[in-house]
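Structure file final-v1.tsv (TSV, C-alpha atoms and all ligand atoms) follows.
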```tsv
chain	number	residue	atom	x	y	z
A	128	MET	CA	-3.62	0.91	-1.07
A	129	THR	CA	-3.47	-0.68	2.33
A	130	ASN	CA	-7.08	-0.43	3.27
A	131	PRO	CA	-9.85	-0.46	0.71
A	132	GLN	CA	-12.29	1.01	3.19
A	133	LEU	CA	-13.08	3.63	0.65
A	134	LEU	CA	-14.82	6.57	2.20
A	135	PRO	CA	-16.97	9.08	0.36
A	136	ASP	CA	-16.97	12.70	1.40
A	137	ALA	CA	-19.53	14.13	3.77
A	138	VAL	CA	-21.86	15.28	1.01
A	139	ASP	CA	-22.09	11.80	-0.48
A	140	ARG	CA	-22.71	10.29	2.96
A	141	ALA	CA	-25.53	12.77	3.55
A	142	ALA	CA	-27.01	11.86	0.18
A	143	HIS	CA	-27.02	8.21	1.22
A	144	ARG	CA	-28.72	8.89	4.52
A	145	SER	CA	-31.42	11.01	2.92
A	146	GLY	CA	-32.10	8.36	0.31
A	147	GLN	CA	-30.91	10.39	-2.66
A	148	VAL	CA	-28.98	8.80	-5.48
A	149	CYS	CA	-25.25	9.28	-4.89
A	150	SER	CA	-22.52	9.68	-7.44
A	151	LEU	CA	-20.19	7.08	-6.01
A	152	PRO	CA	-19.75	3.56	-7.32
A	153	PRO	CA	-19.96	0.80	-4.69
A	154	SER	CA	-16.22	0.25	-4.69
A	155	VAL	CA	-15.67	3.73	-3.32
A	156	CYS	CA	-18.65	3.88	-1.03
A	157	GLY	CA	-18.16	3.79	2.75
A	158	VAL	CA	-21.83	2.93	3.19
A	159	SER	CA	-22.74	-0.73	2.63
A	160	LEU	CA	-23.29	-1.99	-0.86
A	161	HIS	CA	-26.80	-2.92	0.21
A	162	GLY	CA	-27.51	0.67	1.25
A	163	TRP	CA	-26.02	1.93	-1.96
A	164	VAL	CA	-28.31	-0.34	-3.97
A	165	LYS	CA	-31.28	0.77	-1.90
A	166	CYS	CA	-30.58	4.41	-2.59
A	167	GLY	CA	-30.60	3.80	-6.31
A	168	GLY	CA	-26.89	4.05	-7.00
A	169	GLY	CA	-26.69	0.51	-8.37
A	170	ILE	CA	-29.20	1.29	-11.07
A	171	SER	CA	-27.52	4.56	-12.05
A	172	LEU	CA	-24.10	2.90	-12.13
A	173	PHE	CA	-25.44	0.06	-14.26
A	174	VAL	CA	-26.95	2.52	-16.71
A	175	GLY	CA	-23.68	4.46	-16.73
A	176	LEU	CA	-21.63	1.35	-17.43
A	177	ILE	CA	-23.87	0.36	-20.33
A	178	LYS	CA	-23.71	3.93	-21.63
A	179	TYR	CA	-19.91	3.85	-21.66
A	180	LYS	CA	-19.92	0.35	-23.16
A	181	LEU	CA	-18.26	-1.21	-20.12
A	182	LEU	CA	-20.12	-4.48	-20.65
A	183	HIS	CA	-17.66	-6.59	-18.68
A	184	GLN	CA	-17.98	-4.35	-15.65
A	185	SER	CA	-21.76	-4.17	-15.87
A	186	ILE	CA	-22.14	-7.96	-16.00
A	187	LEU	CA	-19.75	-8.35	-13.06
A	188	LEU	CA	-21.68	-5.75	-11.09
A	189	LEU	CA	-25.03	-7.42	-11.79
A	190	LEU	CA	-23.71	-10.81	-10.66
A	191	LEU	CA	-22.23	-9.30	-7.52
A	192	LEU	CA	-25.44	-7.51	-6.63
A	193	LEU	CA	-27.51	-10.64	-7.23
A	194	LEU	CA	-25.28	-12.76	-5.00
A	195	PHE	CA	-25.24	-10.11	-2.32
A	196	GLN	CA	-29.03	-9.94	-2.23
A	197	LEU	CA	-29.23	-13.74	-1.96
A	198	LEU	CA	-26.94	-13.67	1.06
A	199	ARG	CA	-29.03	-10.97	2.69
A	200	SER	CA	-32.38	-12.61	2.02
A	201	GLY	CA	-32.33	-15.30	4.69
A	202	HIS	CA	-31.08	-18.25	2.66
A	203	THR	CA	-28.43	-18.69	5.34
A	204	SER	CA	-28.51	-18.49	9.13
A	205	TYR	CA	-28.30	-14.93	10.50
A	206	SER	CA	-24.72	-14.92	11.80
A	207	LEU	CA	-23.34	-16.88	8.87
A	208	GLY	CA	-25.23	-14.55	6.57
A	209	ARG	CA	-23.68	-11.51	8.26
A	210	THR	CA	-20.17	-12.93	8.04
A	211	LEU	CA	-20.57	-13.97	4.45
A	212	GLY	CA	-22.26	-10.67	3.72
A	213	SER	CA	-19.38	-8.55	5.09
A	214	THR	CA	-16.77	-10.75	3.40
A	215	PHE	CA	-18.71	-10.51	0.20
A	216	THR	CA	-19.03	-6.73	0.48
A	217	PHE	CA	-15.26	-6.49	0.89
A	218	LEU	CA	-14.65	-8.78	-2.11
A	219	CYS	CA	-17.05	-6.69	-4.19
A	220	ARG	CA	-15.25	-3.47	-3.37
A	221	TYR	CA	-11.80	-4.98	-3.78
A	222	SER	CA	-12.65	-6.63	-7.12
A	223	LEU	CA	-14.19	-3.47	-8.46
A	224	TYR	CA	-11.16	-1.44	-7.26
A	225	THR	CA	-8.50	-3.73	-8.71
A	226	ARG	CA	-10.20	-5.25	-11.75
A	227	THR	CA	-12.40	-2.59	-13.29
A	228	LYS	CA	-12.19	0.98	-14.51
A	229	LEU	CA	-14.13	2.02	-11.44
A	230	GLY	CA	-10.95	1.64	-9.38
A	231	TYR	CA	-9.12	3.99	-11.73
A	232	MET	CA	-11.99	6.48	-11.56
A	233	PHE	CA	-11.84	6.36	-7.77
A	234	TYR	CA	-8.07	6.89	-7.78
A	235	LYS	CA	-8.42	9.93	-10.07
A	236	ARG	CA	-11.01	11.39	-7.76
A	237	GLN	CA	-8.82	10.81	-4.68
A	238	MET	CA	-5.85	12.39	-6.47
A	239	LYS	CA	-7.88	15.49	-7.34
A	240	LYS	CA	-9.08	15.85	-3.76
A	241	ALA	CA	-5.56	15.37	-2.35
A	242	ARG	CA	-4.09	17.99	-4.72
A	243	GLU	CA	-6.72	20.48	-3.53
A	244	LYS	CA	-6.21	19.64	0.14
A	245	TYR	CA	-2.39	19.36	0.06
A	246	PRO	CA	-1.10	21.55	-2.80
A	247	ALA	CA	2.46	21.19	-1.44
A	248	GLY	CA	2.09	17.54	-0.39
A	249	HIS	CA	0.74	15.92	2.78
A	250	SER	CA	4.14	16.10	4.56
A	251	ARG	CA	7.41	17.99	4.38
A	252	ALA	CA	10.35	15.83	3.32
A	253	GLN	CA	14.07	16.50	2.97
A	254	PRO	CA	16.29	14.73	0.40
A	255	THR	CA	18.93	12.32	1.71
A	256	ASN	CA	22.29	12.49	-0.06
A	257	ILE	CA	24.69	9.57	0.29
A	258	ASN	CA	27.95	10.00	-1.63
A	259	GLY	CA	26.23	11.65	-4.59
A	260	ILE	CA	23.14	9.43	-4.58
A	261	LYS	CA	20.12	11.55	-3.77
A	262	ILE	CA	16.88	10.02	-2.47
A	263	ILE	CA	13.89	12.36	-2.49
A	264	PRO	CA	10.61	11.30	-0.85
A	265	VAL	CA	7.72	12.87	-2.78
A	266	PRO	CA	4.54	13.06	-0.65
A	267	VAL	CA	1.55	12.23	-2.89
A	268	LEU	CA	-2.19	11.60	-2.45
A	269	SER	CA	-3.22	11.73	1.23
A	270	ASP	CA	-0.44	9.62	2.80
A	271	ASN	CA	1.58	7.90	0.04
A	272	TYR	CA	5.25	8.43	-0.78
A	273	SER	CA	6.84	8.15	-4.21
A	274	TYR	CA	10.64	8.19	-4.27
A	275	VAL	CA	12.92	9.84	-6.83
A	276	ILE	CA	16.42	8.34	-6.73
A	277	ILE	CA	19.15	10.26	-8.55
A	278	ASP	CA	22.78	9.62	-9.38
A	279	THR	CA	23.94	13.24	-9.28
A	280	ALA	CA	27.13	12.45	-11.25
A	281	SER	CA	25.21	11.28	-14.33
A	282	SER	CA	21.86	13.08	-13.68
A	283	LEU	CA	20.03	9.80	-14.27
A	284	ALA	CA	17.03	8.94	-12.12
A	285	ALA	CA	14.67	6.15	-11.17
A	286	VAL	CA	11.32	6.59	-9.46
A	287	VAL	CA	9.47	4.18	-7.16
A	288	ASP	CA	5.64	4.14	-7.29
A	289	PRO	CA	4.86	7.45	-9.02
A	290	ALA	CA	1.23	7.61	-7.89
A	291	ASP	CA	0.74	11.27	-8.77
A	292	PRO	CA	2.63	11.94	-12.03
A	293	GLN	CA	2.27	15.71	-11.69
A	294	PHE	CA	4.16	15.86	-8.38
A	295	VAL	CA	6.84	13.43	-9.56
A	296	GLN	CA	7.34	15.28	-12.85
A	297	ALA	CA	7.72	18.59	-10.97
A	298	CYS	CA	10.47	16.98	-8.87
A	299	LEU	CA	12.27	15.61	-11.95
A	300	GLU	CA	12.14	19.04	-13.64
A	301	GLU	CA	13.38	20.82	-10.54
A	302	GLU	CA	16.32	18.43	-10.31
A	303	GLY	CA	16.96	18.57	-14.09
A	304	VAL	CA	17.40	14.80	-14.42
A	305	THR	CA	16.51	12.12	-16.97
A	306	LEU	CA	14.03	9.47	-15.88
A	307	GLU	CA	15.35	6.04	-16.87
A	308	ALA	CA	13.18	3.65	-14.88
A	309	ILE	CA	9.91	3.35	-12.97
A	310	LEU	CA	10.01	0.66	-10.28
A	311	CYS	CA	6.47	-0.31	-9.36
A	312	THR	CA	5.87	-2.31	-6.17
A	313	HIS	CA	2.30	-3.43	-6.91
A	314	LYS	CA	-0.86	-2.86	-8.89
A	315	HIS	CA	-2.95	-0.77	-6.46
A	316	TRP	CA	-3.70	2.55	-8.13
A	317	ASP	CA	-2.20	4.58	-5.29
A	318	HIS	CA	1.16	3.08	-6.30
A	319	SER	CA	0.87	2.41	-10.02
A	320	GLY	CA	-1.62	5.07	-11.17
A	321	GLY	CA	0.96	7.47	-12.61
A	322	ASN	CA	3.03	4.96	-14.63
A	323	ARG	CA	1.43	5.59	-18.00
A	324	ALA	CA	1.28	9.38	-17.70
A	325	LEU	CA	4.97	9.56	-16.77
A	326	ARG	CA	5.93	7.21	-19.56
A	327	ARG	CA	4.13	9.46	-22.05
A	328	LEU	CA	6.46	12.25	-20.91
A	329	HIS	CA	9.59	10.02	-20.89
A	330	SER	CA	9.13	7.63	-23.80
A	331	SER	CA	12.42	5.76	-23.28
A	332	CYS	CA	11.69	5.14	-19.60
A	333	ARG	CA	11.40	1.45	-18.63
A	334	VAL	CA	8.57	0.30	-16.35
A	335	TYR	CA	9.41	-2.59	-14.00
A	336	GLY	CA	7.11	-4.77	-11.94
A	337	ASN	CA	5.64	-8.23	-11.64
A	338	LEU	CA	3.57	-9.55	-14.55
A	339	MET	CA	1.16	-11.27	-12.14
A	340	ASP	CA	0.12	-7.90	-10.74
A	341	ASN	CA	-1.13	-6.32	-13.96
A	342	ILE	CA	1.09	-3.25	-13.58
A	343	PRO	CA	-0.11	-0.39	-15.84
A	344	GLY	CA	2.43	0.43	-18.58
A	345	LEU	CA	4.70	-2.50	-17.68
A	346	THR	CA	7.59	-2.93	-20.15
A	347	HIS	CA	10.06	-5.05	-18.14
A	348	PRO	CA	8.49	-7.91	-16.13
A	349	LEU	CA	10.56	-9.04	-13.15
A	350	THR	CA	11.08	-12.24	-11.21
A	351	ASP	CA	12.64	-12.75	-7.79
A	352	LYS	CA	16.21	-11.37	-7.39
A	353	ASP	CA	16.37	-9.74	-10.84
A	354	THR	CA	18.66	-6.72	-11.00
A	355	ILE	CA	17.94	-3.33	-12.55
A	356	ASP	CA	20.74	-0.96	-13.51
A	357	VAL	CA	20.29	2.77	-14.01
A	358	GLY	CA	23.60	4.21	-15.16
A	359	THR	CA	26.64	2.77	-13.37
A	360	ARG	CA	25.90	3.54	-9.73
A	361	LEU	CA	22.20	2.79	-9.29
A	362	ARG	CA	21.81	-0.97	-9.01
A	363	PHE	CA	18.53	-2.33	-7.62
A	364	ARG	CA	17.68	-5.90	-6.72
A	365	ALA	CA	13.99	-6.85	-6.93
A	366	PHE	CA	12.53	-9.30	-4.41
A	367	TYR	CA	9.26	-11.12	-4.93
A	368	THR	CA	7.20	-10.52	-1.77
A	369	PRO	CA	3.56	-11.67	-2.25
A	370	GLY	CA	0.86	-11.36	0.42
A	371	HIS	CA	-0.44	-7.81	0.12
A	372	THR	CA	-0.99	-8.53	-3.58
A	373	VAL	CA	-0.19	-11.63	-5.55
A	374	GLY	CA	2.68	-9.96	-7.43
A	375	HIS	CA	4.08	-7.51	-4.87
A	376	MET	CA	7.79	-6.63	-5.34
A	377	ILE	CA	10.23	-4.66	-3.19
A	378	TYR	CA	13.42	-2.99	-4.44
A	379	LEU	CA	16.81	-2.88	-2.72
A	380	LEU	CA	19.23	-0.16	-3.87
A	381	ASP	CA	22.69	-1.68	-3.44
A	382	GLY	CA	24.84	0.65	-1.33
A	383	ARG	CA	28.11	-1.04	-2.31
A	384	ALA	CA	28.06	0.74	-5.70
A	385	PHE	CA	28.46	4.13	-3.98
A	386	GLY	CA	29.98	3.22	-0.62
A	387	GLY	CA	26.91	3.75	1.59
A	388	PRO	CA	24.12	1.79	3.24
A	389	SER	CA	21.58	0.02	1.04
A	390	SER	CA	18.04	1.37	0.76
A	391	LEU	CA	14.88	-0.71	0.72
A	392	PHE	CA	11.79	0.60	-1.07
A	393	SER	CA	9.15	-1.59	0.53
A	394	GLY	CA	5.84	-0.47	-1.00
A	395	ASP	CA	2.98	-1.89	1.06
A	396	LEU	CA	4.91	-4.84	2.49
A	397	VAL	CA	6.56	-3.08	5.44
A	398	PHE	CA	5.98	0.37	6.93
A	399	LEU	CA	7.66	2.07	9.86
A	400	SER	CA	6.44	-0.24	12.68
A	401	GLY	CA	3.83	-1.90	10.49
A	402	CYS	CA	3.01	-4.11	7.53
A	403	GLY	CA	0.43	-4.13	4.73
A	404	ARG	CA	-2.84	-6.03	4.84
A	405	MET	CA	-2.92	-9.52	3.42
A	406	PHE	CA	-5.34	-8.93	0.58
A	407	GLU	CA	-4.09	-11.64	-1.75
A	408	GLY	CA	-2.10	-14.10	0.34
A	409	SER	CA	-2.13	-16.20	3.49
A	410	ALA	CA	-0.28	-15.40	6.72
A	411	SER	CA	2.35	-18.01	5.74
A	412	THR	CA	2.94	-16.24	2.42
A	413	MET	CA	3.19	-12.87	4.12
A	414	LEU	CA	5.54	-14.27	6.76
A	415	SER	CA	7.88	-15.56	4.07
A	416	SER	CA	7.89	-12.09	2.46
A	417	LEU	CA	8.55	-10.40	5.82
A	418	ASP	CA	11.39	-12.84	6.45
A	419	THR	CA	12.98	-11.61	3.22
A	420	VAL	CA	13.08	-8.14	4.77
A	421	GLY	CA	14.32	-9.56	8.07
A	422	SER	CA	17.26	-11.21	6.30
A	423	LEU	CA	18.63	-7.90	4.95
A	424	ASN	CA	21.47	-5.98	6.62
A	425	ASP	CA	20.63	-4.06	9.78
A	426	ASP	CA	21.98	-0.78	8.38
A	427	THR	CA	19.56	-0.89	5.41
A	428	LEU	CA	17.43	2.27	5.21
A	429	LEU	CA	13.67	1.67	4.99
A	430	TRP	CA	11.60	3.81	2.62
A	431	PRO	CA	7.94	2.64	2.87
A	432	GLY	CA	4.97	3.42	0.63
A	433	HIS	CA	2.91	5.30	3.22
A	434	GLU	CA	3.25	7.74	6.12
A	435	TYR	CA	1.71	5.50	8.80
A	436	ALA	CA	4.39	5.80	11.51
A	437	GLU	CA	2.33	7.47	14.23
A	438	ASP	CA	-0.65	5.13	14.00
A	439	ASN	CA	1.58	2.06	13.73
A	440	LEU	CA	3.67	2.96	16.78
A	441	LEU	CA	0.55	3.67	18.84
A	442	PHE	CA	-0.69	0.18	17.99
A	443	ALA	CA	2.74	-1.30	18.81
A	444	ALA	CA	2.51	0.45	22.19
A	445	GLU	CA	-0.66	-1.52	22.94
A	446	VAL	CA	0.98	-4.80	21.97
A	447	GLU	CA	4.38	-4.25	23.63
A	448	PRO	CA	3.89	-1.47	26.21
A	449	GLY	CA	7.25	-2.17	27.86
A	450	ASN	CA	9.35	-1.83	24.69
A	451	VAL	CA	11.75	1.06	25.42
A	452	VAL	CA	13.06	1.45	21.85
A	453	ARG	CA	9.50	1.65	20.53
A	454	GLU	CA	8.64	4.34	23.12
A	455	GLN	CA	11.67	6.46	22.12
A	456	LYS	CA	10.74	6.16	18.45
A	457	LEU	CA	7.13	7.06	19.18
A	458	GLN	CA	8.16	10.24	21.00
A	459	TRP	CA	10.38	11.23	18.05
A	460	VAL	CA	7.62	10.47	15.53
A	461	LEU	CA	5.07	12.52	17.51
A	462	GLN	CA	7.48	15.46	17.37
A	463	GLN	CA	8.01	15.03	13.62
A	464	ARG	CA	4.32	14.64	12.82
A	465	GLY	CA	3.48	17.65	14.99
A	466	GLN	CA	5.29	19.65	12.29
A	467	ARG	CA	4.03	17.42	9.43
A	468	LEU	CA	7.58	16.20	8.80
A	469	CYS	CA	8.31	12.95	6.98
A	470	THR	CA	9.37	10.07	9.27
A	471	CYS	CA	11.47	8.08	6.81
A	472	PRO	CA	13.90	6.56	6.60
A	473	SER	CA	14.22	4.30	9.60
A	474	THR	CA	16.73	1.43	9.59
A	475	LEU	CA	16.02	-2.28	9.61
A	476	ALA	CA	17.99	-2.50	12.89
A	477	GLU	CA	15.39	-0.20	14.44
A	478	GLU	CA	12.45	-1.98	12.83
A	479	LYS	CA	13.59	-5.34	14.17
A	480	GLN	CA	13.42	-3.87	17.67
A	481	TYR	CA	9.92	-2.35	17.58
A	482	ASN	CA	7.99	-3.40	14.47
A	483	PRO	CA	5.71	-6.18	15.82
A	484	PHE	CA	5.26	-7.64	12.32
A	485	LEU	CA	9.00	-8.34	12.16
A	486	ARG	CA	8.99	-9.82	15.66
A	487	SER	CA	6.78	-12.90	15.29
A	488	HIS	CA	9.69	-14.96	16.67
A	489	THR	CA	9.89	-13.12	20.01
A	490	GLN	CA	8.51	-14.45	23.27
A	491	ASP	CA	7.55	-10.92	24.36
A	492	LEU	CA	5.10	-10.76	21.49
A	493	HIS	CA	3.79	-14.30	22.08
A	494	ARG	CA	3.08	-13.44	25.70
A	495	ALA	CA	1.41	-10.15	24.73
A	496	LEU	CA	-0.90	-11.96	22.29
A	497	GLY	CA	-1.53	-14.83	24.71
A	498	LEU	CA	-0.30	-17.44	22.22
A	499	GLN	CA	1.69	-20.64	22.72
A	500	GLN	CA	3.19	-23.07	20.25
A	501	ASN	CA	1.18	-26.29	20.04
A	502	GLN	CA	3.00	-29.61	20.44
A	503	ASP	CA	2.34	-30.72	16.88
A	504	GLU	CA	2.98	-27.27	15.36
A	505	ASP	CA	6.23	-26.46	13.59
A	506	TRP	CA	7.98	-23.14	14.25
A	507	THR	CA	7.08	-21.51	10.92
A	508	SER	CA	3.40	-22.44	11.20
A	509	TYR	CA	3.36	-21.07	14.73
A	510	ARG	CA	4.93	-17.78	13.61
A	511	ALA	CA	2.36	-17.54	10.80
A	512	ARG	CA	-0.38	-17.96	13.42
A	513	VAL	CA	1.23	-15.20	15.51
A	514	LEU	CA	1.31	-12.94	12.44
A	515	GLU	CA	-2.33	-13.68	11.64
A	516	GLU	CA	-3.43	-12.82	15.17
A	517	LEU	CA	-1.35	-9.65	15.13
A	518	ARG	CA	-2.91	-8.56	11.85
A	519	ARG	CA	-6.38	-9.33	13.21
A	520	GLN	CA	-5.74	-7.17	16.28
A	521	LYS	CA	-4.37	-4.35	14.14
A	522	ASP	CA	-7.51	-4.40	12.01
A	523	ILE	CA	-9.69	-4.23	15.14
A	524	TYR	CA	-7.50	-1.38	16.44
A	525	LYS	CA	-7.96	0.54	13.18
A	526	ALA	CA	-11.71	0.04	13.24
A	527	ARG	CA	-12.06	1.43	16.79
B	601	ZN	ZN	-1.52	-1.56	-1.71
```

Written form, structure tokens:
Amino acid sequence: MTNPQLLPDAVDRAAHRSGQVCSLPPSVCGVSLHGWVKCGGGISLFVGLIKYKLLHQSILLLLLLLLFQLLRSGHTSYSLGRTLGSTFTFLCRYSLYTRTKLGYMFYKRQMKKAREKYPAGHSRAQPTNINGIKIIPVPVLSDNYSYVIIDTASSLAAVVDPADPQFVQACLEEEGVTLEAILCTHKHWDHSGGNRALRRLHSSCRVYGNLMDNIPGLTHPLTDKDTIDVGTRLRFRAFYTPGHTVGHMIYLLDGRAFGGPSSLFSGDLVFLSGCGRMFEGSASTMLSSLDTVGSLNDDTLLWPGHEYAEDNLLFAAEVEPGNVVREQKLQWVLQQRGQRLCTCPSTLAEEKQYNPFLRSHTQDLHRALGLQQNQDEDWTSYRARVLEELRRQKDIYKAR
């Protein structure tokens, strides 16, 4: 999940506008929480939660609704109230998505809709084979990628972020391989939602991730720079990269074991020409995580968690219109997406040339954002400020 702006379908929107009670919980509702309460959804959800004995969730919901109403009722000045109100609405949705069963219910609903809309996946992807190591992007949900990584000599496999277990299982069966490990980047359901279902099918499979992120089905908690071996030729190094979530991890497949380039599975930290939103960390934290990526070899292949290339490069074009490498990549991506083809992998050498979120050190970007380093500001703090402004502009761009 990179953006919890959780939109209902047209029918549910119409129900809101006409004042009917809608079926969506507030965490998945694109209409404001206030509107949702007004149309009666809050009451029906509360009754539903009590009915299903979700006492914890119902108390949390009641407290959230009470606080929200206080903010809206003129106890604060108008503009402060609006700011606090929108922040609070976001926190409500995010908390409900990440901390309660409502988030899981929403994910299941999104998965069902995506399967109906894209029975063969949202994009067409080809496997990459490097000296007998096969990397297969599996398009899942509406724009996520899971990755199946196979050592063809031993027929052992690992999978990164199996969000839709049905699609990943079909890939494993088609390849006739044994699943040894699930590498989970972070807790958001669109990355971790299939862990338990896959593990039920592969009982000896290990589930890796960070304990702080509450990864479903976790069996092997990781810390920074831990290694994970699958057979003799698949060796991953985990890096702790907080910012998007408090326990976000990325996984580097070491190319030295099979004589090829390394591969980075970056979850929602870095995308082609973009980076994830800072839901659970400051700009300084995120910068430190992005610097981890920046320190890896230029020939590393980047396999991100979402197909966001086109949108990200269009935003980069606004920030750095004169960047020739970015323009060439954009033209290639437009061609690929015109045929719904997958755009990964790129290389870190490419990303360092056009991904604005990996370029907070460049003067071109500083000029484009109209920022200057203050006299009493150290270089890292300044770069964090650049990153924060960049993220702010990207969010405005997305909302347009
Ligand atoms: Zn996410």

If the limit is 12 Å from any atom of ligand ZN 601 (chain B), counting all atoms listed in the file, which residues qualify? Return them as an MDAnalysis selection string. chainID A and resid 128:131 221 224:225 271 288 290 311:320 340 369:376 393:398 402:407 431:433

Distance of atom CA of Val287 of chain A from atom CA of Arg383 of chain A, expressed in Å to one decimal place: 20.0 Å

Counting all atoms listed in the file, which of A:Ala444, A:Leu283, A:Leu485, A:Ile257 gets nearest to Thr359 of chain A?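 Closest to Thr359 of chain A of all the choices is A:Leu283.
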
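Omitting Ala410 of chain A and its sequence neighbours fewer than 3 positions away, and counting all atoms listed in the file, the residues within 8 Å are Gly370, Met405, Met413, Leu414, Ala511, Arg512, Leu514 and Glu515 of chain A.
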
Polymer residues at most 12 Å from (9.1, 17.2, -3.8) by only C-alpha atoms, as a ChimeraX atom specification: /A:246-254,262-267,272-276,289,291-302,469

Atom pair atom CA of Met238 of chain A / atom CA of Arg226 of chain A: separation (Å):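 It comes out at 18.9 Å.
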
For a cutoff of 6 Å around the file-coordinate point (-5.3, -0.3, 20.4), which residues qualify once you count all atoms listed in the file? I'd like the result as a list of chain:residue names.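 Those within range, by chain then number, are A:Phe442, A:Glu445, A:Tyr524.
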
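Straight-line separation from atom CA of Thr427 of chain A to atom CA of Pro472 of chain A: 9.4 Å.
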
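Every protein, DNA or RNA residue with an atom at most 8 Å from segment 490-494 of chain A, where all atoms listed in the file count and chain neighbours fewer than 4 positions away do not, is listed here: A:Val446, A:Glu447, A:Pro483, A:Arg486, A:Leu498, A:Gln499, A:Val513.
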
Have a look at A:Leu417, A:Leu423, A:Ala241, A:Leu441 and name the one nearest to Ser487 of chain A; count all atoms listed in the file. A:Leu417

Pick from A:Gly344, A:Gly449, A:Arg333, A:Val460: nearest to Asp356 of chain A, with only C-alpha atoms counted? A:Arg333

For a quick check of understanding, using all atoms listed in the file, which of A:Tyr234, A:Tyr367, A:Tyr435, A:Phe392 has the smallest distance to Leu310 of chain A?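 Closest to Leu310 of chain A of all the choices is A:Phe392.
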
With 5 Å of padding per side, what axis-aligned box (centre and edge lengths, Å, one decimal) covers all the listed atoms of segment 498-508 of chain A? Give it as lines of an AutoDock Vina configuration file.
```
center_x = 3.8
center_y = -24.1
center_z = 16.8
size_x = 18.3
size_y = 23.3
size_z = 21.8
```

With distances taken over all atoms listed in the file, which of A:Ser508, A:Leu338, A:Thr279, A:Leu391 is nearest to Val304 of chain A?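 Result for the nearest residue to Val304 of chain A: A:Thr279.
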
Kindly output segment 280-295 of chain A as a CSV table (one decimal), in the coordinates of the input, after building N, CA and C atoms.
```csv
chain,number,residue,atom,x,y,z
A,280,ALA,N,26.0,12.4,-10.3
A,280,ALA,CA,27.1,12.4,-11.2
A,280,ALA,C,26.7,12.3,-12.7
A,281,SER,N,25.7,11.5,-13.0
A,281,SER,CA,25.2,11.3,-14.3
A,281,SER,C,23.9,12.0,-14.6
A,282,SER,N,23.2,12.5,-13.6
A,282,SER,CA,21.9,13.1,-13.7
A,282,SER,C,20.8,12.1,-14.2
A,283,LEU,N,21.0,10.8,-13.9
A,283,LEU,CA,20.0,9.8,-14.3
A,283,LEU,C,19.2,9.5,-13.0
A,284,ALA,N,17.9,9.2,-13.3
A,284,ALA,CA,17.0,8.9,-12.1
A,284,ALA,C,16.1,7.7,-12.3
A,285,ALA,N,15.7,7.2,-11.2
A,285,ALA,CA,14.7,6.2,-11.2
A,285,ALA,C,13.6,6.7,-10.2
A,286,VAL,N,12.4,6.2,-10.4
A,286,VAL,CA,11.3,6.6,-9.5
A,286,VAL,C,10.6,5.3,-9.0
A,287,VAL,N,10.3,5.3,-7.7
A,287,VAL,CA,9.5,4.2,-7.2
A,287,VAL,C,8.0,4.7,-7.0
A,288,ASP,N,7.1,3.9,-7.5
A,288,ASP,CA,5.6,4.1,-7.3
A,288,ASP,C,5.2,5.6,-7.5
A,289,PRO,N,5.2,6.1,-8.8
A,289,PRO,CA,4.9,7.4,-9.0
A,289,PRO,C,3.3,7.6,-9.1
A,290,ALA,N,2.7,7.6,-7.9
A,290,ALA,CA,1.2,7.6,-7.9
A,290,ALA,C,0.6,8.9,-8.5
A,291,ASP,N,1.2,10.0,-8.2
A,291,ASP,CA,0.7,11.3,-8.8
A,291,ASP,C,1.8,11.8,-9.7
A,292,PRO,N,1.6,11.6,-11.0
A,292,PRO,CA,2.6,11.9,-12.0
A,292,PRO,C,3.0,13.4,-12.0
A,293,GLN,N,2.0,14.3,-11.7
A,293,GLN,CA,2.3,15.7,-11.7
A,293,GLN,C,3.3,16.1,-10.6
A,294,PHE,N,3.2,15.6,-9.5
A,294,PHE,CA,4.2,15.9,-8.4
A,294,PHE,C,5.5,15.3,-8.7
A,295,VAL,N,5.6,14.1,-9.3
A,295,VAL,CA,6.8,13.4,-9.6
A,295,VAL,C,7.5,14.2,-10.7
```
